[in-house]
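*Asks:* Next comes start-v5.cif, mmCIF, C-alpha atoms:
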```
data_query
loop_
_atom_site.label_atom_id
_atom_site.label_comp_id
_atom_site.auth_asym_id
_atom_site.auth_seq_id
_atom_site.Cartn_x
_atom_site.Cartn_y
_atom_site.Cartn_z
CA MET A 66 -222.94 -201.62 105.36
CA SER A 67 -222.58 -204.61 103.03
CA GLY A 68 -223.78 -204.76 99.44
CA ALA A 69 -226.40 -207.27 100.49
CA ASP A 70 -227.78 -204.83 103.09
CA LYS A 71 -227.67 -201.88 100.68
CA LEU A 72 -229.60 -203.76 98.05
CA LYS A 73 -231.88 -205.76 100.31
CA THR A 74 -235.04 -204.45 98.67
CA MET A 75 -233.63 -202.51 95.73
CA PHE A 76 -234.41 -204.88 92.88
CA SER A 77 -237.74 -205.59 91.24
CA LYS A 78 -238.73 -208.57 89.15
CA VAL A 79 -237.27 -208.79 85.65
CA SER A 80 -239.34 -209.43 82.53
CA GLY A 81 -239.47 -208.49 78.86
CA PRO A 82 -238.28 -209.69 75.45
CA VAL A 83 -234.55 -209.23 76.13
CA ARG A 84 -232.69 -212.29 77.43
CA LEU A 85 -233.07 -212.42 81.20
CA ALA A 86 -229.38 -213.04 81.90
CA ASP A 87 -228.56 -209.93 79.85
CA ARG A 88 -230.99 -207.85 81.88
CA VAL A 89 -229.79 -209.14 85.24
CA ALA A 90 -226.13 -208.58 84.29
CA SER A 91 -227.02 -205.05 83.16
CA ILE A 92 -228.85 -204.29 86.42
CA LEU A 93 -225.97 -205.51 88.58
CA SER A 94 -223.38 -203.74 86.41
CA GLU A 95 -225.26 -200.47 86.76
CA GLU A 96 -225.24 -200.80 90.56
CA ILE A 97 -221.46 -201.27 90.46
CA GLU A 98 -220.69 -198.57 87.91
CA SER A 99 -222.89 -196.06 89.73
CA GLY A 100 -221.08 -196.70 93.00
CA ARG A 101 -224.17 -197.94 94.83
CA LEU A 102 -222.22 -201.18 95.10
CA ALA A 103 -218.71 -200.07 96.02
CA GLU A 104 -215.35 -201.82 95.97
CA GLY A 105 -215.33 -204.65 98.50
CA ASP A 106 -219.11 -204.82 98.83
CA LYS A 107 -220.62 -208.27 98.87
CA LEU A 108 -223.38 -208.99 96.37
CA PRO A 109 -226.68 -210.35 97.67
CA THR A 110 -226.68 -214.12 97.80
CA GLU A 111 -227.90 -216.17 94.87
CA VAL A 112 -231.09 -217.00 96.79
CA GLU A 113 -231.73 -213.31 97.52
CA LEU A 114 -231.19 -212.30 93.89
CA VAL A 115 -233.51 -215.05 92.67
CA LYS A 116 -236.23 -213.85 95.06
CA GLN A 117 -235.85 -210.14 94.31
CA LEU A 118 -235.48 -210.40 90.54
CA GLY A 119 -237.96 -213.21 89.99
CA VAL A 120 -235.62 -215.26 87.81
CA SER A 121 -234.09 -218.71 88.07
CA ARG A 122 -230.78 -219.63 89.66
CA THR A 123 -229.49 -220.42 86.17
CA VAL A 124 -230.11 -216.83 85.08
CA VAL A 125 -228.44 -215.39 88.18
CA ARG A 126 -225.40 -217.64 87.79
CA GLU A 127 -224.97 -216.70 84.14
CA ALA A 128 -225.30 -212.99 84.94
CA VAL A 129 -222.76 -213.17 87.78
CA SER A 130 -220.44 -215.18 85.53
CA ARG A 131 -220.54 -212.33 83.01
CA LEU A 132 -219.66 -209.84 85.73
CA ARG A 133 -216.67 -212.00 86.69
CA ASN A 134 -215.54 -212.21 83.07
CA ALA A 135 -215.83 -208.43 82.82
CA GLY A 136 -213.63 -208.00 85.90
CA LEU A 137 -216.40 -206.40 87.96
CA VAL A 138 -216.65 -209.01 90.71
CA GLU A 139 -214.76 -211.94 92.16
CA ALA A 140 -215.96 -215.05 93.96
CA ARG A 141 -214.30 -215.86 97.28
CA GLN A 142 -214.56 -219.47 98.36
CA GLY A 143 -217.08 -219.85 101.16
CA LEU A 144 -217.64 -216.11 101.50
CA GLY A 145 -219.60 -214.95 98.46
CA VAL A 146 -219.15 -212.63 95.49
CA PHE A 147 -217.49 -209.24 96.00
CA VAL A 148 -217.08 -206.08 93.92
CA MET A 149 -213.58 -205.70 92.49
CA PRO A 150 -211.51 -202.50 92.65
CA ARG A 151 -212.26 -200.10 89.81
CA ARG A 152 -209.72 -200.23 87.02
CA THR A 153 -209.55 -200.33 83.26
CA ARG A 154 -211.78 -203.31 82.64
CA PRO A 155 -211.89 -205.66 79.64
CA LEU A 156 -214.53 -205.22 76.99
CA ASP A 157 -217.87 -206.72 77.96
CA LEU A 158 -219.29 -207.87 74.66
CA GLU A 159 -222.54 -209.04 76.20
CA ALA A 160 -223.21 -205.49 77.35
CA GLU A 161 -222.04 -203.90 74.09
CA THR A 162 -224.13 -205.93 71.67
CA ALA A 163 -227.57 -204.73 70.59
CA GLU A 164 -230.56 -205.69 72.68
CA ASP A 165 -232.79 -207.05 69.92
CA THR A 166 -231.87 -210.51 68.71
CA LYS A 167 -231.80 -209.68 64.99
CA SER A 168 -229.29 -206.84 65.38
CA LYS A 169 -227.21 -208.81 67.87
CA VAL A 170 -226.85 -211.82 65.58
CA ARG A 171 -226.02 -209.59 62.61
CA GLN A 172 -223.26 -207.95 64.63
CA ILE A 173 -221.90 -211.32 65.70
CA VAL A 174 -221.75 -212.55 62.10
CA GLU A 175 -219.92 -209.36 61.07
CA VAL A 176 -217.33 -209.90 63.82
CA ARG A 177 -216.89 -213.57 62.98
CA ARG A 178 -216.22 -212.87 59.30
CA PRO A 179 -212.69 -211.40 59.43
CA ILE A 180 -211.56 -213.57 62.34
CA GLU A 181 -212.71 -216.87 60.91
CA GLY A 182 -211.62 -215.97 57.40
CA GLU A 183 -208.07 -215.38 58.64
CA ALA A 184 -208.22 -218.48 60.84
CA ALA A 185 -209.08 -220.63 57.82
CA TYR A 186 -206.25 -219.04 55.83
CA LEU A 187 -203.70 -219.74 58.56
CA ALA A 188 -205.05 -223.23 59.19
CA ALA A 189 -204.40 -224.12 55.55
CA THR A 190 -200.75 -223.18 55.98
CA ARG A 191 -200.11 -224.47 59.50
CA ALA A 192 -202.44 -227.34 60.38
CA THR A 193 -200.73 -230.61 61.29
CA PRO A 194 -202.11 -234.00 60.20
CA ALA A 195 -203.51 -234.41 63.73
CA ASP A 196 -205.22 -231.01 63.44
CA LEU A 197 -206.86 -232.08 60.19
CA VAL A 198 -208.16 -235.24 61.84
CA ARG A 199 -209.70 -233.21 64.66
CA MET A 200 -211.33 -230.84 62.16
CA ARG A 201 -212.77 -233.76 60.21
CA GLN A 202 -214.10 -235.36 63.40
CA ALA A 203 -215.62 -232.07 64.53
CA LEU A 204 -217.35 -231.65 61.18
CA GLU A 205 -218.74 -235.18 61.24
CA ALA A 206 -220.01 -234.61 64.77
CA ILE A 207 -222.37 -231.91 63.45
CA ASP A 208 -224.08 -234.44 61.16
CA VAL A 209 -224.33 -236.96 64.01
CA ALA A 210 -225.89 -234.39 66.34
CA VAL A 211 -228.44 -233.24 63.76
CA ALA A 212 -229.34 -236.83 62.84
CA ALA A 213 -229.98 -237.51 66.54
CA GLY A 214 -232.41 -234.59 66.68
CA GLY A 215 -230.03 -232.04 68.21
CA ASP A 216 -229.39 -228.49 67.01
CA GLY A 217 -225.66 -229.04 66.41
CA VAL A 218 -224.73 -225.74 68.06
CA ASP A 219 -221.95 -227.08 70.28
CA GLU A 220 -220.61 -229.20 67.44
CA ASP A 221 -220.73 -226.27 65.00
CA LEU A 222 -218.82 -224.11 67.48
CA ALA A 223 -216.31 -226.93 68.05
CA PHE A 224 -215.65 -227.18 64.30
CA HIS A 225 -214.83 -223.49 63.99
CA ARG A 226 -212.77 -223.65 67.19
CA SER A 227 -210.77 -226.60 65.81
CA ILE A 228 -209.78 -224.43 62.85
CA ALA A 229 -208.59 -221.66 65.16
CA GLU A 230 -206.67 -224.15 67.29
CA SER A 231 -204.79 -225.39 64.26
CA THR A 232 -203.42 -221.91 63.50
CA GLY A 233 -201.06 -222.04 66.48
CA ASN A 234 -202.03 -218.42 67.17
CA ALA A 235 -202.72 -218.24 70.91
CA VAL A 236 -204.17 -214.73 70.69
CA MET A 237 -206.65 -215.75 67.99
CA LEU A 238 -207.69 -218.81 69.95
CA SER A 239 -208.07 -216.83 73.17
CA THR A 240 -210.17 -214.24 71.33
CA LEU A 241 -212.51 -216.90 70.00
CA ARG A 242 -212.74 -218.51 73.43
CA TYR A 243 -213.58 -215.13 74.93
CA LEU A 244 -216.24 -214.69 72.27
CA GLY A 245 -217.48 -218.21 72.96
CA GLU A 246 -220.79 -217.52 74.70
CA VAL A 247 -221.63 -214.63 72.38
CA LEU A 248 -220.82 -216.80 69.36
CA ARG A 249 -222.82 -219.69 70.80
CA GLY A 250 -225.95 -217.53 70.91
CA GLY A 251 -225.41 -216.30 67.36
CA ILE A 252 -224.71 -219.78 65.99
CA ARG A 253 -227.75 -221.11 67.80
CA VAL A 254 -230.04 -218.57 66.17
CA THR A 255 -228.57 -219.15 62.71
CA ARG A 256 -228.99 -222.91 63.08
CA VAL A 257 -232.58 -222.56 64.30
CA ASN A 258 -233.27 -220.49 61.19
CA GLU A 259 -231.48 -222.92 58.90
CA ALA A 260 -233.23 -225.94 60.40
CA ARG A 261 -236.54 -224.57 59.13
CA ARG A 262 -235.50 -225.43 55.57
CA GLY A 263 -233.80 -228.53 54.29
CA ASP A 264 -232.03 -226.61 51.54
CA PHE A 265 -230.51 -224.27 54.13
CA LEU A 266 -229.18 -227.17 56.18
CA GLU A 267 -227.63 -228.78 53.13
CA ALA A 268 -226.11 -225.48 52.04
CA VAL A 269 -224.48 -225.04 55.46
CA ARG A 270 -223.17 -228.59 55.32
CA GLN A 271 -221.62 -228.01 51.91
CA GLU A 272 -220.10 -224.69 53.01
CA HIS A 273 -218.46 -226.36 56.03
CA HIS A 274 -217.08 -229.13 53.84
CA ALA A 275 -215.74 -226.57 51.36
CA ILE A 276 -213.82 -224.83 54.14
CA LEU A 277 -212.29 -228.08 55.33
CA ALA A 278 -211.52 -229.29 51.81
CA ALA A 279 -209.56 -226.10 51.08
CA ILE A 280 -207.66 -226.39 54.36
CA GLU A 281 -206.83 -230.05 53.69
CA ALA A 282 -205.65 -229.11 50.18
CA ARG A 283 -203.43 -226.37 51.68
CA HIS A 284 -205.12 -223.74 49.55
CA ALA A 285 -204.98 -220.80 51.94
CA GLU A 286 -206.77 -218.22 49.77
CA ALA A 287 -209.49 -220.71 48.90
CA ALA A 288 -209.93 -221.57 52.59
CA ARG A 289 -210.32 -217.91 53.50
CA ASP A 290 -212.76 -217.35 50.62
CA ALA A 291 -214.80 -220.40 51.66
CA ALA A 292 -215.04 -219.18 55.26
CA LEU A 293 -216.02 -215.68 54.18
CA LEU A 294 -218.60 -217.05 51.75
CA HIS A 295 -220.08 -219.26 54.49
CA LEU A 296 -220.60 -216.26 56.76
CA ARG A 297 -221.95 -214.06 53.96
CA HIS A 298 -224.48 -216.76 53.18
CA ALA A 299 -225.33 -217.11 56.89
CA ALA A 300 -226.07 -213.38 56.98
CA SER A 301 -228.17 -213.64 53.84
CA ARG A 302 -230.17 -216.56 55.22
CA LEU A 303 -230.86 -214.55 58.38
CA GLN A 304 -231.89 -211.53 56.33
CA ASP A 305 -234.49 -213.66 54.59
CA ALA A 306 -236.06 -214.72 57.89
CA ASP A 307 -239.44 -213.08 58.49
CA ASP A 308 -240.40 -210.99 61.51
CA GLY A 309 -242.27 -213.94 62.99
CA PHE A 310 -239.03 -215.91 63.24
CA TRP A 311 -237.31 -213.17 65.24
CA THR A 312 -240.29 -212.86 67.59
CA GLU A 313 -240.27 -216.62 68.16
CA THR A 314 -236.51 -216.59 68.72
CA GLU A 315 -236.69 -213.82 71.33
CA ASN A 316 -239.47 -215.65 73.17
CA LEU A 317 -237.49 -218.88 73.02
CA GLU A 318 -234.45 -217.20 74.54
CA VAL A 319 -236.54 -215.87 77.42
CA ASP A 320 -238.03 -219.32 78.00
CA LEU A 321 -234.59 -220.92 78.09
CA ASP A 322 -233.25 -218.29 80.47
CA ALA A 323 -236.14 -218.92 82.82
CA ALA A 324 -235.61 -222.67 82.91
CA PRO A 325 -234.53 -224.00 86.32
#
```
Translate this structure into structure tokens?

*Replies:*
Amino acid sequence: MSGADKLKTMFSKVSGPVRLADRVASILSEEIESGRLAEGDKLPTEVELVKQLGVSRTVVREAVSRLRNAGLVEARQGLGVFVMPRRTRPLDLEAETAEDTKSKVRQIVEVRRPIEGEAAYLAATRATPADLVRMRQALEAIDVAVAAGGDGVDEDLAFHRSIAESTGNAVMLSTLRYLGEVLRGGIRVTRVNEARRGDFLEAVRQEHHAILAAIEARHAEAARDAALLHLRHAASRLQDADDGFWTETENLEVDLDAAP
């Protein structure tokens, strides 16, 4: 019996304050880990999952993408998505992070701190002139995006990624790429919070420029300190956010997940 047949009517509609893609990924992971979906079973089709779970195709695709990244399933061209053989699987950070947005973002900032501090330190000692140009362009792109009415999330992430790229450390860069979607969510929430106050936005801008200035000056310790200070301040700004902000943020995440 295929996975699609086994689970033909197993799922019920998903709702609640937790991000929908997180919930769908958790539901599917549980079916696999419990053995109800066994090695080689085919997952229900995207259309079937959308109907059973009551979510959008976007949510289903993101959830299945997370299962692929976690080594739980594989997509076979023209055939569908199938459960992978059980083995020691890579860490699934989406599953490990806390469910409530406030705790999740705090955890993300704590993880970013040592990685990005060291990345800034190494960038100051290793960045080539071309690397510095890319960092400067990435930083300027944040201002352009914000001036155009955007949230600057992608540009913010690109700036920090450009620093990691300049270290020449493939493991560090791969780690940050792996963390990409988790970091994107955390950066998005911090920028939404910071956009509520002009002084916050200007503080973030100055902190970014301080990191780059130290890297350009080849002051490794100062670059590390600037990166660490930026993330400590980000945590502090989040701590100051009231409960209403976190409620609004959780609702916003659900709305975005449900978008077609």

*Asks:* Nearest to A:Arg191 among A:Glu139, A:Asp208, A:Glu230, A:Glu272, with distances taken over all atoms listed in the file: which residue is it?

*Replies:*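 Under the stated criterion, the closest residue is A:Glu230.
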
*Asks:* Counting all atoms listed in the file, which residue out of A:Asp264, A:Glu183, A:Glu205, A:Asp290 sits closest to A:Gly217?

*Replies:*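 Of A:Asp264, A:Glu183, A:Glu205, A:Asp290, the one nearest A:Gly217, counting all atoms listed in the file, is A:Glu205.
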
*Asks:* Provide the atom CA of A:Asp106 to atom CA of A:Ser121 distance in Å, to one decimal place.

*Replies:*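 Value for the atom CA of A:Asp106-atom CA of A:Ser121 distance: 23.1 Å.
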
*Asks:* Residue by residue, what does the PyMOL selection byres ((chain A and resi 178) around 10) grab here? Present the result as a list in words.

*Replies:*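 With the PyMOL selection byres ((chain A and resi 178) around 10) on this model, the match is Ile173, Val174, Glu175, Val176, Arg177, Pro179, Ile180, Glu181, Gly182, Glu183, Ala184, Arg289, Ala292, Leu293, Leu294, His295, Leu296 and Arg297 of chain A.
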
*Asks:* Counting all atoms listed in the file, figure out which residue out of A:Leu222, A:Ala128, A:Ala212, A:Ala188 gets nearest to A:Leu277.

*Replies:*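 Among the listed residues, A:Ala188 lies closest to A:Leu277.
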
*Asks:* Exactly which residues make up the result of the PyMOL selection byres ((chain A and resi 140) around 12) on this file, given as a PyMOL selection string?

*Replies:* chain A and resi 105-108+110+126+129-130+132-134+136-139+141-149

*Asks:* Could you put an axis-aligned box around every listed atom of stretch 213-225 of chain A, padded by 3 Å on each side, and send me its centre and edge lengths in Å to one decimal, as lines of an AutoDock Vina configuration file?

*Replies:*
```
center_x = -223.6
center_y = -230.5
center_z = 67.1
size_x = 23.6
size_y = 20.0
size_z = 12.3
```

*Asks:* Could you name the residues that touch A:Val211 at 10 Å or less, counting only C-alpha atoms, but leaving out those on the same chain fewer than 5 positions away, as number ranges by chain?

*Replies:* A: 206, 216-218, 220, 260, 266

*Asks:* Given the file shown, determine the residues that the PyMOL selection byres ((chain A and resi 234) around 12) selects; report them as a list in words.

*Replies:*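 Written out, the selection comes to Ile180, Glu183, Ala184, Ala185, Leu187, Ala188, Arg191, Ala192, Arg226, Ile228, Ala229, Glu230, Ser231, Thr232, Gly233, Ala235, Val236, Met237, Leu238, Ser239, Thr240 and Leu241 of chain A.
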
*Asks:* How far is it from atom CA of A:Gln304 to atom CA of A:Val269, in Å with one decimal?

*Replies:*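 A separation of 15.4 Å between them.
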
*Asks:* Of the candidates A:Ala288, A:Ala275, A:Ala189, A:Leu303, which shows the shortest atom-to-atom distance to A:Arg261, using all atoms listed in the file?

*Replies:*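 The shortest atom-to-atom distance to A:Arg261 comes from A:Leu303.
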
*Asks:* Report, in Å with one decimal, the straight-line distance from atom CA of A:Ile92 to atom CA of A:Val112.

*Replies:* 16.6 Å
